[in-house]
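First the structure, in the form of structure tokens, and then the observations on it.
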Amino acid sequence: MSESIISSKHLDLYYGDFQALHDIHLDFQKNEISALIGPSGCGKSTFLRCLNRMNDMIDNVTITGSVQFEDKNIYAPQTNLVELRKQIGMVFQQPNPFPFSVYDNVTYGLKIAGIKDKEVLDEIVERSLKQAAVWDEVKDHLYDNALSFSGGQQQRICIARVLAVSPSIILMDEPTSALDPISSAKIENTLLDLKEKYTIIIVTHNLQQASRISDRTAFFMDGTVIEFDKTRKIFTNPASQKTEDYVSGRFG
Amino acid sequence: MAKVFDDELISLKSDFMKMAALVGEAVSKAGNSFINHDVDLAKSVIESDHQINDLQIHLEKRSFELIALYQPVTTDLREVVGILKSVTDLERAGDHARNVSRSTIKIKGQDRIAEVEKVIATLVNEVSKEYNDSIDAYNMADETKAVETAKTFDEEISDLYNGIASPSYRTMADNPAILNSAIIYLNVAKDLSRISDYSTNMCEWTVYLATGKFIELN
């Protein structure tokens with residue numbers, strides 16, 4: 001039985017005078033992978049960043065409406081942003097490990113949270129790297145610089161870094177667009193394993209990736225959601241002609 | 001999808017319609033050969049059956065290639081899958097036309113039952129009509145016409161089949177001298193009914209093509 005975990009209501013976003021998102025209502029289910037698809041500039045990444053308030057860092061942005069996470073509006077003034085981003089982590093398009101060892105990358109958030117016990121840290125490092133399906137490849141090199149690994153391995157180290165702080169939701173902004181097909185396949189398999197414990201929302205330009213791994217798909221166009229439904233439906237018999245045209249590659 | 005895919009799909013569909021036309025021709029010629037006792041026409045149907053089989057293999061191969069190379073979705077995918085599945089039905093309809101032609105050759109020189117042959121002539125006509133209508137509906141992706149076609153012909157063809165089967169069985173009992181002909185009539189009626197079943201399948205594929213729904217007609 002699916003259960004809602006995060007939802008947006010009447011969400012509008014403006015960059016100055018330009019309205020980039022129009023009245024977005026989306027309700028994401030726990031332990032599912034939801035894909036956000038749409039042509040470049042349609043607002044899908046902007047929307048993703050609204051879900052853990054990453055847009056707050058951009059000047060000139062105005063957001064109205066609400067995002068409910070665990071019965072609270074994350075845009076309420078009392079929201080603790082550090083705590084919020086711990087619960088709703090993010091993985092970016094380019095692998096962005098810090099220029100330190102694998103171990104220090106994975107423990108970074110934990111140390112900020114005040115965890116110093118070496119045994120606890122060791123255990124979390126191993127668990128997170130295993131969950132991110134990169135443990136076997138890095139276990140003998142935990143103190144090597146994370147940047148010395150391949151792109152695919154770096155991206156999985158970044159996923160482990162997010163997992164280390166035990167988030168509920170992982171946001172991913174085109175996490176495999178800079179990777180080769182083999183590394184992408186490894187990440188996709190990792191995500192399918194992770195959804196047992198986490199909720200994943202992923203922006204992707206790779207339609208086959210969305211159809212392969214996601215449970216639900218939202219199609220964005222010109223800052224609005226055209227259709228949000230089970231992925232199976234979107235890729236076999238969508239309700240909207242616009243969705244049909246986009247997923248069959250006729251525009252965008 | 002890229003223009004190349006659109007062109008490929010148009011060409012796939014055009015080859016599919018070619019196959020559909022060949023099968024339609026085989027059905028009508030085979031039926032007429034039986035009605036008119038025309039052995040030469042029957043032979044021509046049997047000889048050209050390999051063209052239908054070759055086209056089936058060609059269309060299956062092309063459909064698999066399109067799926068592998070372009071990963072079509074939604075309507076595009078239904079077009080390709082519809083063809084991939086329908087070619088099997090068409091090929092089998094072609095086989096039954098070939099069987100009818102073989103019956104034309106077998107019955108040559110045997111005693112006839114005029115009453116039965118009259119009903120067979122009507123059945124041939126109706127089966128051909130149903131086949132052509134179902135192909136038209138598929139070509140236009142016209143689900144309404146598809147449903148209507150399947151419904152219109154179902155009962156009539158079943159009645160005609162019975163109109164052949166009953167007197168044939170009766171004759172088999174009453175007049176063993178024309179037992180062979182009666183068996184051939186039954187076989188022909190069976191083959192024609194099977195062709196009608198494949199037309200119904202085509203109507204079901206049309207509904208799938210147009211709506212994405214799998215339904216059972218009749």
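So you can find residues: chains in the structure tokens are A, B, ... in the order shown, residues in each start at 1, and ligands are numbered from 1 in order.
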
Quick check: residues of chain A within 6 Å of chain B, only C-alpha atoms, returned as a short mmCIF file (atom, residue, chain, number, x, y, z; two decimals) with N, CA, C and O atoms, in the first residue's frame.
data_model
loop_
_atom_site.label_atom_id
_atom_site.label_comp_id
_atom_site.auth_asym_id
_atom_site.auth_seq_id
_atom_site.Cartn_x
_atom_site.Cartn_y
_atom_site.Cartn_z
N PHE A 235 4.46 5.45 -20.26
CA PHE A 235 5.23 4.98 -21.41
C PHE A 235 4.46 4.01 -22.31
O PHE A 235 5.00 3.55 -23.32
N THR A 236 3.24 3.66 -21.92
CA THR A 236 2.48 2.80 -22.83
C THR A 236 1.21 3.46 -23.35
O THR A 236 0.86 3.30 -24.51
N ASN A 237 0.58 4.24 -22.48
CA ASN A 237 -0.69 4.82 -22.92
C ASN A 237 -1.00 6.09 -22.13
O ASN A 237 -1.94 6.13 -21.34
N SER A 248 7.68 9.72 -26.95
CA SER A 248 8.04 9.01 -28.18
C SER A 248 9.02 9.83 -29.01
O SER A 248 9.26 9.52 -30.17
N GLY A 249 9.59 10.87 -28.38
CA GLY A 249 10.71 11.58 -29.00
C GLY A 249 10.32 12.51 -30.13
O GLY A 249 11.12 12.80 -31.01
N ARG A 250 9.06 12.99 -30.13
CA ARG A 250 8.65 13.83 -31.25
C ARG A 250 8.89 15.31 -31.01
O ARG A 250 8.74 16.12 -31.90
#

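Residues with any atom within 12 Å of segment 170-176 of chain B, counting only C-alpha atoms and excluding same-chain neighbours fewer than 2 positions away, are Asp111, Arg112, Ile113, Ala114, Glu115, Val116, Asn162, Gly163, Ile164, Ala165, Ser166, Pro167, Ser168, Ile178, Leu179, Asn180, Ser181, Ala182, Ile183, Ile184, Tyr185 and Leu186 of chain B.
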
* To do: Could you give me the residues within segment 34-247 of chain A that DSSP places in helix (DSSP H, G or I), as JSON, numbers by chain?
  => {"A": [44, 45, 46, 47, 48, 49, 50, 54, 55, 56, 57, 81, 82, 83, 84, 85, 86, 87, 102, 103, 104, 105, 106, 107, 108, 109, 110, 111, 112, 118, 119, 120, 121, 122, 123, 124, 125, 126, 127, 128, 129, 130, 131, 135, 136, 137, 138, 139, 140, 141, 146, 147, 148, 151, 152, 153, 154, 155, 156, 157, 158, 159, 160, 161, 162, 163, 164, 181, 182, 183, 184, 185, 186, 187, 188, 189, 190, 191, 192, 193, 194, 207, 208, 209, 210, 211, 212, 213, 231, 232, 233, 234, 235, 236, 241, 242, 243, 244, 245, 246, 247]}

* Compile the contact shell of Glu3 of chain A as a PyMOL selection string: residues with an atom at most 9 Å away, counting only C-alpha atoms, same-chain residues fewer than 2 positions apart removed. => chain A and resi 1+5+28-31

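For the pair atom CA of Asp89 of chain B and atom CA of Ser33 of chain B, the separation is 22.5 Å.
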
* **All residues 12 Å or closer to Leu129 of chain A, only C-alpha atoms, same chain fewer than 3 positions away omitted, as a PyMOL selection string** => chain A and resi 102-103+105-107+122-126+132-139+142+153-164+190+194

For C-alpha atoms, I'd like the residues from the last selection saved as a short mmCIF file (atom, residue, chain, number, x, y, z; two decimals), in the first residue's frame.
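What landed in out07.cif:
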data_model
loop_
_atom_site.label_atom_id
_atom_site.label_comp_id
_atom_site.auth_asym_id
_atom_site.auth_seq_id
_atom_site.Cartn_x
_atom_site.Cartn_y
_atom_site.Cartn_z
CA VAL A 102 36.70 8.24 0.64
CA TYR A 103 36.39 7.74 4.40
CA ASN A 105 33.79 12.07 2.37
CA VAL A 106 31.36 9.54 3.76
CA THR A 107 31.81 10.66 7.37
CA ASP A 122 33.60 2.78 10.61
CA GLU A 123 30.36 0.88 10.74
CA ILE A 124 28.40 3.62 8.95
CA VAL A 125 31.12 4.00 6.29
CA GLU A 126 30.98 0.31 5.50
CA ALA A 132 25.74 2.44 -2.63
CA ALA A 133 27.19 -0.72 -4.23
CA VAL A 134 30.75 0.61 -4.27
CA TRP A 135 32.22 -1.05 -1.14
CA ASP A 136 33.97 -3.90 -2.94
CA GLU A 137 35.69 -1.45 -5.25
CA VAL A 138 36.93 0.99 -2.59
CA LYS A 139 37.25 -1.03 0.63
CA LEU A 142 39.32 4.04 1.95
CA GLN A 153 32.70 5.23 -8.54
CA GLN A 154 32.81 8.90 -7.47
CA GLN A 155 29.07 9.18 -8.04
CA ARG A 156 28.41 6.10 -5.90
CA ILE A 157 30.72 7.52 -3.20
CA CYS A 158 28.55 10.67 -3.29
CA ILE A 159 25.45 8.50 -2.92
CA ALA A 160 27.12 6.79 0.08
CA ARG A 161 27.84 10.24 1.54
CA VAL A 162 24.13 11.05 1.35
CA LEU A 163 23.12 7.66 2.78
CA ALA A 164 25.52 8.02 5.73
CA THR A 190 21.83 0.68 -6.70
CA LEU A 194 17.82 1.57 -2.19
#

Excluding same-chain residues fewer than 6 positions from segment 211-219 of chain A, what lies within 7 Å of it counting only C-alpha atoms, as an mmCIF file with N, CA, C and O atoms, in the first residue's frame?
data_model
loop_
_atom_site.group_PDB
_atom_site.id
_atom_site.type_symbol
_atom_site.label_atom_id
_atom_site.label_comp_id
_atom_site.auth_asym_id
_atom_site.auth_seq_id
_atom_site.Cartn_x
_atom_site.Cartn_y
_atom_site.Cartn_z
ATOM 1 N N GLU A 32 9.251 4.573 -3.156
ATOM 2 C CA GLU A 32 9.103 4.475 -4.607
ATOM 3 C C GLU A 32 10.190 5.318 -5.254
ATOM 4 O O GLU A 32 10.755 6.212 -4.623
ATOM 5 N N ILE A 33 10.451 5.030 -6.519
ATOM 6 C CA ILE A 33 11.301 5.915 -7.311
ATOM 7 C C ILE A 33 10.359 6.711 -8.209
ATOM 8 O O ILE A 33 9.562 6.120 -8.951
ATOM 9 N N SER A 34 10.419 8.034 -8.104
ATOM 10 C CA SER A 34 9.620 8.877 -8.988
ATOM 11 C C SER A 34 10.570 9.609 -9.925
ATOM 12 O O SER A 34 11.588 10.135 -9.484
ATOM 13 N N ALA A 35 10.247 9.614 -11.200
ATOM 14 C CA ALA A 35 11.103 10.289 -12.178
ATOM 15 C C ALA A 35 10.436 11.581 -12.615
ATOM 16 O O ALA A 35 9.213 11.623 -12.787
ATOM 17 N N LEU A 36 11.246 12.635 -12.766
ATOM 18 C CA LEU A 36 10.748 13.892 -13.328
ATOM 19 C C LEU A 36 11.381 14.036 -14.703
ATOM 20 O O LEU A 36 12.607 14.036 -14.821
ATOM 21 N N ILE A 37 10.544 14.113 -15.718
ATOM 22 C CA ILE A 37 11.072 14.230 -17.076
ATOM 23 C C ILE A 37 10.486 15.467 -17.744
ATOM 24 O O ILE A 37 9.477 16.008 -17.286
ATOM 25 N N GLY A 38 11.120 15.891 -18.835
ATOM 26 C CA GLY A 38 10.606 17.029 -19.585
ATOM 27 C C GLY A 38 11.748 17.699 -20.330
ATOM 28 O O GLY A 38 12.919 17.467 -20.011
ATOM 29 N N GLU A 188 21.806 2.577 -11.497
ATOM 30 C CA GLU A 188 20.381 2.220 -11.580
ATOM 31 C C GLU A 188 20.066 1.021 -10.685
ATOM 32 O O GLU A 188 19.057 1.015 -9.977
ATOM 33 N N LEU A 192 17.516 0.812 -7.404
ATOM 34 C CA LEU A 192 16.450 -0.180 -7.227
ATOM 35 C C LEU A 192 16.577 -0.889 -5.872
ATOM 36 O O LEU A 192 15.580 -1.203 -5.235
ATOM 37 N N VAL A 225 3.079 20.786 -14.603
ATOM 38 C CA VAL A 225 3.058 19.325 -14.702
ATOM 39 C C VAL A 225 1.937 18.953 -15.663
ATOM 40 O O VAL A 225 0.768 19.259 -15.420
ATOM 41 N N ILE A 226 2.315 18.333 -16.755
ATOM 42 C CA ILE A 226 1.313 17.930 -17.750
ATOM 43 C C ILE A 226 0.623 16.649 -17.290
ATOM 44 O O ILE A 226 -0.573 16.486 -17.428
ATOM 45 N N GLU A 227 1.418 15.738 -16.751
ATOM 46 C CA GLU A 227 0.855 14.447 -16.359
ATOM 47 C C GLU A 227 1.742 13.788 -15.320
ATOM 48 O O GLU A 227 2.968 13.860 -15.414
ATOM 49 N N PHE A 228 1.138 13.182 -14.313
ATOM 50 C CA PHE A 228 1.882 12.427 -13.298
ATOM 51 C C PHE A 228 1.121 11.141 -13.068
ATOM 52 O O PHE A 228 -0.046 11.150 -12.693
ATOM 53 N N ASP A 229 1.774 10.022 -13.367
ATOM 54 C CA ASP A 229 1.049 8.756 -13.265
ATOM 55 C C ASP A 229 2.057 7.623 -13.127
ATOM 56 O O ASP A 229 3.270 7.861 -13.149
ATOM 57 N N LYS A 230 1.542 6.422 -13.034
ATOM 58 C CA LYS A 230 2.434 5.259 -12.996
ATOM 59 C C LYS A 230 3.276 5.261 -14.278
ATOM 60 O O LYS A 230 2.759 5.518 -15.372
ATOM 61 N N THR A 231 4.558 4.944 -14.102
ATOM 62 C CA THR A 231 5.481 4.970 -15.242
ATOM 63 C C THR A 231 4.994 4.072 -16.372
ATOM 64 O O THR A 231 5.073 4.416 -17.546
ATOM 65 N N ILE A 234 2.514 6.010 -18.324
ATOM 66 C CA ILE A 234 3.103 7.118 -19.076
ATOM 67 C C ILE A 234 3.803 6.616 -20.345
ATOM 68 O O ILE A 234 3.734 7.252 -21.392
ATOM 69 N N PHE A 235 4.456 5.449 -20.258
ATOM 70 C CA PHE A 235 5.230 4.981 -21.408
ATOM 71 C C PHE A 235 4.462 4.007 -22.310
ATOM 72 O O PHE A 235 5.003 3.555 -23.320
ATOM 73 N N THR A 243 2.366 14.448 -23.589
ATOM 74 C CA THR A 243 3.226 13.417 -22.986
ATOM 75 C C THR A 243 3.604 12.389 -24.033
ATOM 76 O O THR A 243 4.767 12.005 -24.170
#

Using only C-alpha atoms, which protein or nucleic acid residues come within 7 Å of Tyr138 of chain B? Drop anything in the same chain fewer than 2 positions from it, and give the result as a PDB file with all heavy atoms, in the first residue's frame.
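Generated output (out-v6.pdb):
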ATOM      1  N   SER B 134     -12.078  -6.204 -41.612  1.00  0.00           N
ATOM      2  CA  SER B 134     -11.194  -6.173 -40.442  1.00  0.00           C
ATOM      3  C   SER B 134      -9.843  -5.556 -40.817  1.00  0.00           C
ATOM      4  O   SER B 134      -9.250  -4.828 -40.025  1.00  0.00           O
ATOM      5  CB  SER B 134     -11.036  -7.564 -39.830  1.00  0.00           C
ATOM      6  OG  SER B 134     -10.290  -8.380 -40.688  1.00  0.00           O
ATOM      7  N   ILE B 135      -9.379  -5.815 -42.028  1.00  0.00           N
ATOM      8  CA  ILE B 135      -8.110  -5.213 -42.469  1.00  0.00           C
ATOM      9  C   ILE B 135      -8.278  -3.695 -42.642  1.00  0.00           C
ATOM     10  O   ILE B 135      -7.405  -2.910 -42.265  1.00  0.00           O
ATOM     11  CB  ILE B 135      -7.609  -5.863 -43.789  1.00  0.00           C
ATOM     12  CG1 ILE B 135      -7.267  -7.328 -43.542  1.00  0.00           C
ATOM     13  CG2 ILE B 135      -6.407  -5.116 -44.362  1.00  0.00           C
ATOM     14  CD1 ILE B 135      -6.120  -7.599 -42.588  1.00  0.00           C
ATOM     15  N   ASP B 136      -9.419  -3.279 -43.201  1.00  0.00           N
ATOM     16  CA  ASP B 136      -9.695  -1.834 -43.347  1.00  0.00           C
ATOM     17  C   ASP B 136      -9.683  -1.161 -41.978  1.00  0.00           C
ATOM     18  O   ASP B 136      -9.092  -0.087 -41.802  1.00  0.00           O
ATOM     19  CB  ASP B 136     -11.076  -1.600 -43.972  1.00  0.00           C
ATOM     20  CG  ASP B 136     -11.025  -1.739 -45.476  1.00  0.00           C
ATOM     21  OD1 ASP B 136      -9.916  -1.863 -46.010  1.00  0.00           O
ATOM     22  OD2 ASP B 136     -12.117  -1.746 -46.098  1.00  0.00           O
ATOM     23  N   MET B 140      -7.045   1.779 -40.659  1.00  0.00           N
ATOM     24  CA  MET B 140      -7.475   3.101 -40.200  1.00  0.00           C
ATOM     25  C   MET B 140      -7.398   3.233 -38.674  1.00  0.00           C
ATOM     26  O   MET B 140      -7.790   4.263 -38.130  1.00  0.00           O
ATOM     27  CB  MET B 140      -8.930   3.376 -40.616  1.00  0.00           C
ATOM     28  CG  MET B 140      -9.273   3.146 -42.084  1.00  0.00           C
ATOM     29  SD  MET B 140      -8.279   4.134 -43.193  1.00  0.00           S
ATOM     30  CE  MET B 140      -8.995   5.731 -42.835  1.00  0.00           C
ATOM     31  N   ALA B 141      -6.924   2.189 -38.002  1.00  0.00           N
ATOM     32  CA  ALA B 141      -6.925   2.141 -36.524  1.00  0.00           C
ATOM     33  C   ALA B 141      -8.310   2.547 -36.003  1.00  0.00           C
ATOM     34  O   ALA B 141      -8.443   3.314 -35.054  1.00  0.00           O
ATOM     35  CB  ALA B 141      -5.840   3.024 -35.945  1.00  0.00           C
ATOM     36  N   ASP B 142      -9.357   1.977 -36.651  1.00  0.00           N
ATOM     37  CA  ASP B 142     -10.733   2.366 -36.348  1.00  0.00           C
ATOM     38  C   ASP B 142     -11.355   1.318 -35.409  1.00  0.00           C
ATOM     39  O   ASP B 142     -11.875   0.289 -35.860  1.00  0.00           O
ATOM     40  CB  ASP B 142     -11.514   2.466 -37.671  1.00  0.00           C
ATOM     41  CG  ASP B 142     -12.945   2.957 -37.482  1.00  0.00           C
ATOM     42  OD1 ASP B 142     -13.451   2.899 -36.345  1.00  0.00           O
ATOM     43  OD2 ASP B 142     -13.556   3.380 -38.483  1.00  0.00           O
ATOM     44  N   MET B 202      -7.765  -9.872 -35.725  1.00  0.00           N
ATOM     45  CA  MET B 202      -7.317  -8.596 -36.305  1.00  0.00           C
ATOM     46  C   MET B 202      -8.121  -7.438 -35.702  1.00  0.00           C
ATOM     47  O   MET B 202      -7.575  -6.362 -35.438  1.00  0.00           O
ATOM     48  CB  MET B 202      -7.500  -8.584 -37.830  1.00  0.00           C
ATOM     49  CG  MET B 202      -6.543  -9.469 -38.606  1.00  0.00           C
ATOM     50  SD  MET B 202      -4.824  -9.028 -38.306  1.00  0.00           S
ATOM     51  CE  MET B 202      -4.796  -7.344 -38.822  1.00  0.00           C
ATOM     52  N   CYS B 203      -9.410  -7.673 -35.506  1.00  0.00           N
ATOM     53  CA  CYS B 203     -10.255  -6.627 -34.909  1.00  0.00           C
ATOM     54  C   CYS B 203      -9.793  -6.342 -33.485  1.00  0.00           C
ATOM     55  O   CYS B 203      -9.751  -5.189 -33.044  1.00  0.00           O
ATOM     56  CB  CYS B 203     -11.726  -7.059 -34.923  1.00  0.00           C
ATOM     57  SG  CYS B 203     -12.394  -7.181 -36.590  1.00  0.00           S
ATOM     58  N   THR B 206      -6.814  -4.276 -33.587  1.00  0.00           N
ATOM     59  CA  THR B 206      -7.151  -2.891 -33.929  1.00  0.00           C
ATOM     60  C   THR B 206      -7.534  -2.112 -32.671  1.00  0.00           C
ATOM     61  O   THR B 206      -7.126  -0.957 -32.495  1.00  0.00           O
ATOM     62  CB  THR B 206      -8.325  -2.863 -34.938  1.00  0.00           C
ATOM     63  OG1 THR B 206      -7.935  -3.614 -36.076  1.00  0.00           O
ATOM     64  CG2 THR B 206      -8.679  -1.447 -35.339  1.00  0.00           C
TER      65      THR B 206
END

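Atom CA of Tyr198 of chain A is found 13.0 Å from atom CA of Lys86 of chain A.
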
* Structure fact -> Counting only C-alpha atoms, closest pick from A:Glu119, A:Thr224, A:Gln209, A:Pro95 relative to His10 of chain A is A:Thr224
